[in-house]
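Okay, structure first, notes after.
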Amino acid sequence: MKTKINLQPSKKSKAKKMHPTDYLPEEFFSVWIGAAPQVYQRNSSQSGLKAMAAKKVIAICQSGGEFVTNKDGSLSYTGGEAYAIDIDQQTLLGDFKSEIADMFNCSAETMSIKYFLPGNKKTLITISKDKDLQRMVNFLGDTATVDVFVMSEEAAARNVSNMPASRSSRTTVSEAVVPIVEPIDVRVDTCNAIDQIDMELHETPLISVLGSSSDDKHHKAAQQWENTITGVDQRFNSFGEFREALHKFSIAHGFAYRYKKNDSHRVTVKCKSQGCPWRIYASRLSTTQLICIKKMNTDHTCEGAAVKAGYRATRGWVGSIIKEKLKVSPNYKPKDIADDIKREYGIQLNYSQAWRAKEIAREQLQGSYKEAYNQLPYFCERIKETNPGSVAAFTTKEDSSFHRFFVSFHASIVGFREGCRPLIFLDSTPLNSKYQGVLLAAIAADGDDGIFPVAFAVVDAETDDNWHWFLLELKSAVSISQQITFVADVQNGLKKSLTEVFDKCYHCYCLRHLAEKLNKDLKGQFSHEARRFMINDFYAAAYAPKLEAFQRSADNIKGISPEAYNWVIQSGPEHWANAFSGGARYNHMTSNFGQQFYSWVSEAHELPITQMIDVLRGKTMEAFYSRRVESNQWVTRLTPSKEEKLQKETTIAQSLQVLLSQGSTFEVRGESVDIVDIDHWDCSCKGWQLTGLPCCHAIAVFECIGRNPYDYCSRYFTVESYRSTYAESIHPVPNVDRPLPGESSLAAVTVTPPPTRRPPGRPKMKQAESLDIIKRQLQCSKCKGLGHNKKTCKDS
């Protein structure tokens, strides 16, 4: 490595050639070692130079190669690739590992870092904590660079016979190798295997076997693993299989062991208790690839299960145990993992250990989170190939990092056009994945008021720009000429973007978001009880079908606070109040209509991005299929929920009196007097217009003049329309994360994860809704007013 020295005097030097130290006192110059400058100062009272900044070293990080033993016993590292990172005495090991992981596209938690001391190429030193890293910098003296080797389990196993004692551990590496779990058939990071050597040598005991008790015999381990080692002449397909069997055997019988010899030709293991004669020797069976136990002393003088020395089972081992259950139960909680491991194997875990073991197991099962981002171009192609007519698009930033992904399946596009009301709910939910992000969704309502996912997107953050992009993609996908009513939050730039993208649309503000904002603005100014009354009156004003009822509720707010009344009036009631609303939202007042869809997201949000998207596709596919099959059994004209509502209104209509007149306008008397115009599908109670189903007053008129109420129901509520909604199917997308060689034309497109990563530790729970103080009162079924029932309602 070439060293570039830049001399930077504070004043111009004379023409004569000068040594750096000949500059005037207190002048400075810098020495560049690689990319790391060292600033020095000439001190008039001392000879030489003194460093004015912390010492920095260039770490040449190497991975993917292997060690070769030279004739003199020294080790040489060949092959692989290398990156340079500057470090100093303040560098933390966690930060160092994280930067290495980003460079080599591997897991920081599963790597082992080693280096040689200056002048010693025979002994590898392991870095397992911050002090080890600081010692390395100190040991280097004036050396500007250091070779650092990033080891994986596979590399460690391959080179173990060539690696002598580690000074940091005071134990030979061959003694410390723990069982290697057989690899599973998944795509994993370059460094994704657990470096068991480093974890055994340098970490405090991760997991300890519980003390002996009469219940130990009932542990699952004792029942299933006590015969994984049977004795001399037992054969195994590989040393890895033998080590795994030995690991399980030791847990079942409650003892710890250590390796005396462990290389590619033979393995010798003895009990870790001092003086205990138990030992086992295995080597390769001549002329075969099989591993055979040649010698074994089965006697223990250490009382076997009574050993409490803390048998060290690594997180990787626990991960291998729980991964099968994790396949079946993706929401397997760390607390449940700890409880199960304690009950079944007699091993005590704390929450953090269980959580990290789950992370390891999940990555073994699901593959690399980073690689999933790089598969997005291929994934988009596969969606469009398997579901022709679908829209799938992604964008990256200038540095090739992930920006956003959009998808709308052909079945969703056709179903929305053919059978759904032109009503879309826009909302978002944060993703607690490794690289975080936000999911944006457009959800429609089918004829039975079930959720109908139209489109969704994963974006790096919820911004005005990302919402605008999402709406542009949505418009391109649905492309209908009808006026669409959107129910969405007034925040997040949606108000401006909706009018710019959809020139024919109506934006209904989400009542829940508005009420939260009102409650937040009022907090600190009014008591808990006063805020409760004002929020209740706000909801009453929103649901009131008539102007008079709206004004009455608004006046109630004004009686408590004129400022709150002004807030309500200036918040745009024409966008959220039934008495003013011009959009056809069918009495749906909040944008979180699609809670079922967001529950699907919560089940899959921790998966790699392509798998999470495919889980949502699968959930939607199953819902479409089950609803299509179910609707084929319906014999009514309307969907079940709408049929039930119509029958309730029909029952109420029996007690009403209709005054007949010529034309299409009729007077209906009951607890109130209402005017029905059947030609314009209008009633003065506003129930017909708000719901799309005839109200009891209109039904009373139909019965008097011999009309069929079903002819006056919105077509979107018919079974025929419902079946059109689910006529198309969403098809599976095979090989989501495994493109075959040459299969993708976009293989050269690189997509890296976004820079935002989930903070370490246990994810924070979502805070409770700010409106939990509000005790909602019963609504009148006729006018949706609050605080009264239909018998006392004066607004109908």
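Every chain in the structure tokens has a letter given in the order shown (A, B, ...), and although residue numbers restart at 1 in each chain, ligands are simply numbered from 1 in the order shown.
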Pull the helix (DSSP H, G or I) assignments for range 204-412 of chain A out of DSSP run on the backbone, and list those residues as number ranges by chain. A: 216-218, 220-225, 239-253, 304-306, 315-328, 334-345, 351-366, 369-374, 376-386, 410-412
Each range 322-367 of chain A residue no farther than 12 Å from range 110-132 of chain A, nearest pair in Å, only C-alpha atoms, as a tab-separated table:
```
residue	atom	partner	partner_atom	distance
A:Arg356	CA	A:Thr110	CA	11.0
A:Ala357	CA	A:Thr110	CA	11.4
A:Glu359	CA	A:Thr110	CA	11.2
A:Ile360	CA	A:Thr110	CA	8.7
A:Glu363	CA	A:Thr110	CA	11.3
A:Gln364	CA	A:Thr110	CA	11.7
```
Grab the residues selected above and save them as a compact mmCIF listing (two decimals), in the first residue's frame with N, CA and C atoms.
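This is the output file part_30.txt:
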```
# COMPACT_ATOMS: atom_id res chain seq x y z
N ARG A 356 -32.67 -12.98 19.96
CA ARG A 356 -31.59 -13.08 18.99
C ARG A 356 -31.56 -14.45 18.32
N ALA A 357 -31.88 -15.48 19.08
CA ALA A 357 -31.96 -16.82 18.48
C ALA A 357 -33.06 -16.87 17.43
N GLU A 359 -34.04 -14.33 15.63
CA GLU A 359 -33.54 -13.59 14.47
C GLU A 359 -32.64 -14.47 13.60
N ILE A 360 -31.78 -15.25 14.25
CA ILE A 360 -30.89 -16.14 13.51
C ILE A 360 -31.70 -17.20 12.78
N GLU A 363 -33.55 -15.76 9.77
CA GLU A 363 -32.72 -15.49 8.61
C GLU A 363 -32.27 -16.79 7.94
N GLN A 364 -32.09 -17.85 8.73
CA GLN A 364 -31.77 -19.14 8.13
C GLN A 364 -32.93 -19.63 7.27
```
Which neighbours of range 606-615 of chain A fall inside 9 Å, counting only C-alpha atoms, when residues of the same chain fewer than 3 positions from it are skipped, and could you give them as a PDB file with C-alpha atoms, in the first residue's frame?
```
ATOM      1  CA  ARG A 362     -35.608 -16.511  10.826  1.00  0.00           C
ATOM      2  CA  GLU A 363     -32.717 -15.491   8.608  1.00  0.00           C
ATOM      3  CA  GLN A 366     -36.030 -16.740   5.006  1.00  0.00           C
ATOM      4  CA  GLY A 367     -32.676 -15.821   3.580  1.00  0.00           C
ATOM      5  CA  SER A 368     -30.961 -12.472   3.479  1.00  0.00           C
ATOM      6  CA  TYR A 369     -32.847  -9.224   3.999  1.00  0.00           C
ATOM      7  CA  LYS A 370     -30.316  -7.419   1.820  1.00  0.00           C
ATOM      8  CA  GLU A 371     -30.570  -9.930  -0.992  1.00  0.00           C
ATOM      9  CA  ALA A 372     -34.355  -9.540  -0.990  1.00  0.00           C
ATOM     10  CA  TYR A 373     -34.002  -5.895  -2.026  1.00  0.00           C
ATOM     11  CA  GLN A 375     -34.369  -9.364  -6.056  1.00  0.00           C
ATOM     12  CA  LEU A 376     -37.023  -6.633  -6.513  1.00  0.00           C
ATOM     13  CA  PHE A 379     -39.792  -9.977  -8.486  1.00  0.00           C
ATOM     14  CA  VAL A 407     -48.067  -3.347  -6.919  1.00  0.00           C
ATOM     15  CA  LEU A 431     -43.116  -1.595   9.087  1.00  0.00           C
ATOM     16  CA  ASN A 432     -41.029  -2.920  11.938  1.00  0.00           C
ATOM     17  CA  SER A 433     -38.730  -4.817   9.615  1.00  0.00           C
ATOM     18  CA  LYS A 434     -34.950  -4.807   9.719  1.00  0.00           C
ATOM     19  CA  GLN A 436     -38.119  -0.265   8.607  1.00  0.00           C
ATOM     20  CA  VAL A 458     -43.654  -0.160   0.362  1.00  0.00           C
ATOM     21  CA  TRP A 600     -52.018  -9.264   7.477  1.00  0.00           C
ATOM     22  CA  VAL A 601     -49.201  -6.726   7.281  1.00  0.00           C
ATOM     23  CA  SER A 602     -48.503  -7.067  11.010  1.00  0.00           C
ATOM     24  CA  GLU A 603     -48.117 -10.833  10.543  1.00  0.00           C
ATOM     25  CA  GLY A 618     -51.134 -14.929  -0.854  1.00  0.00           C
ATOM     26  CA  LYS A 619     -53.543 -13.616   1.788  1.00  0.00           C
ATOM     27  CA  THR A 620     -55.388 -11.605  -0.846  1.00  0.00           C
ATOM     28  CA  PRO A 732     -49.035 -17.614  -7.253  1.00  0.00           C
ATOM     29  CA  VAL A 733     -45.606 -16.130  -7.926  1.00  0.00           C
ATOM     30  CA  VAL A 736     -39.934 -15.320  -5.270  1.00  0.00           C
ATOM     31  CA  ASP A 737     -36.373 -15.094  -3.987  1.00  0.00           C
TER      32      ASP A 737
END
```
When you look at Ser497 in chain A with a cut-off of 8 Å (counting only C-alpha atoms), what residues show up, excluding the ones that are within fewer than 3 positions of it in the same chain? I need them as number ranges by chain. A: 464, 467-468, 471, 493-494, 500-501
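Using only C-alpha atoms, the contacts of range 565-567 of chain A at a cut-off of 10 Å, with sequence neighbours closer than 2 positions omitted, comprise Leu518, Asp521, Met534, Phe538, Ser553, Ala554, Asp555, Asn556, Ile557, Lys558, Gly559, Ile560, Ser561, Pro562, Glu563, Ile569, Gln570, Ser571 and Gly572 of chain A.
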All strand (DSSP E) residues (DSSP, backbone) inside range 421-591 of chain A, as a VMD selection string: chain A and resid 423 to 430 438 to 445 451 to 459 484 to 488 505 to 509
My list of candidates is A:Leu656, A:Ala564, A:Val719, A:Ile321. Which is closest to Val635 in chain A when distances are computed with only C-alpha atoms? A:Val719
Give me the residues within 12 Å of Leu472 in chain A as a PyMOL selection string, counting only C-alpha atoms and dropping any in the same chain fewer than 2 places off. chain A and resi 391+393+406+455+457+465-470+474-479+497-503
I need the chosen residues saved as a short mmCIF file (atom, residue, chain, number, x, y, z; two decimals), in the first residue's frame, with C-alpha atoms.
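Result saved to out-v3.cif:
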```
data_model
loop_
_atom_site.label_atom_id
_atom_site.label_comp_id
_atom_site.auth_asym_id
_atom_site.auth_seq_id
_atom_site.Cartn_x
_atom_site.Cartn_y
_atom_site.Cartn_z
CA VAL A 391 -48.86 -3.19 -12.38
CA ALA A 393 -42.96 -0.95 -10.30
CA PHE A 406 -45.84 -0.44 -5.94
CA ALA A 455 -53.04 -1.58 -4.48
CA ALA A 457 -46.72 0.12 -1.84
CA ASP A 465 -43.48 12.89 -2.53
CA ASN A 466 -44.04 9.18 -1.88
CA TRP A 467 -47.81 9.66 -1.52
CA HIS A 468 -47.87 11.63 -4.76
CA TRP A 469 -45.96 8.85 -6.54
CA PHE A 470 -48.32 6.24 -5.08
CA LEU A 474 -52.79 4.04 -8.59
CA LYS A 475 -54.41 6.23 -11.24
CA SER A 476 -52.44 4.44 -13.95
CA ALA A 477 -53.62 1.08 -12.60
CA VAL A 478 -57.36 1.66 -12.07
CA SER A 479 -57.86 4.19 -14.90
CA SER A 497 -51.79 15.41 -4.27
CA LEU A 498 -55.33 14.06 -4.66
CA THR A 499 -56.57 17.15 -6.46
CA GLU A 500 -53.47 17.19 -8.68
CA VAL A 501 -53.56 13.52 -9.65
CA PHE A 502 -57.31 12.77 -9.71
CA ASP A 503 -59.02 15.74 -11.30
#
```
Write out as a list in words the residues lying within 9 Å of Ala700 in chain A, counting only C-alpha atoms and excluding same-chain residues fewer than 4 positions away. Thr650, Ile652, Ala653, Gln654, Ser655, Leu656, Gln657, Val658, Val668, Cys695, Cys696, Cys704 and Ile705 of chain A
If you measure from CA of Lys648 in chain A to CA of His697 in chain A, what distance in Å do you get, rounded to one decimal?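 Computing it gives 12.2 Å between the two atoms.
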Kindly give the distance, in Å, that separates CA of Glu462 in chain A and CA of Val438 in chain A, rounded to a single decimal.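 Calculated distance between CA of Glu462 in chain A and CA of Val438 in chain A is 6.2 Å.
Atom pair CA of Ile229 in chain A / CA of Val328 in chain A has a distance of 29.2 Å (rounded to one decimal).
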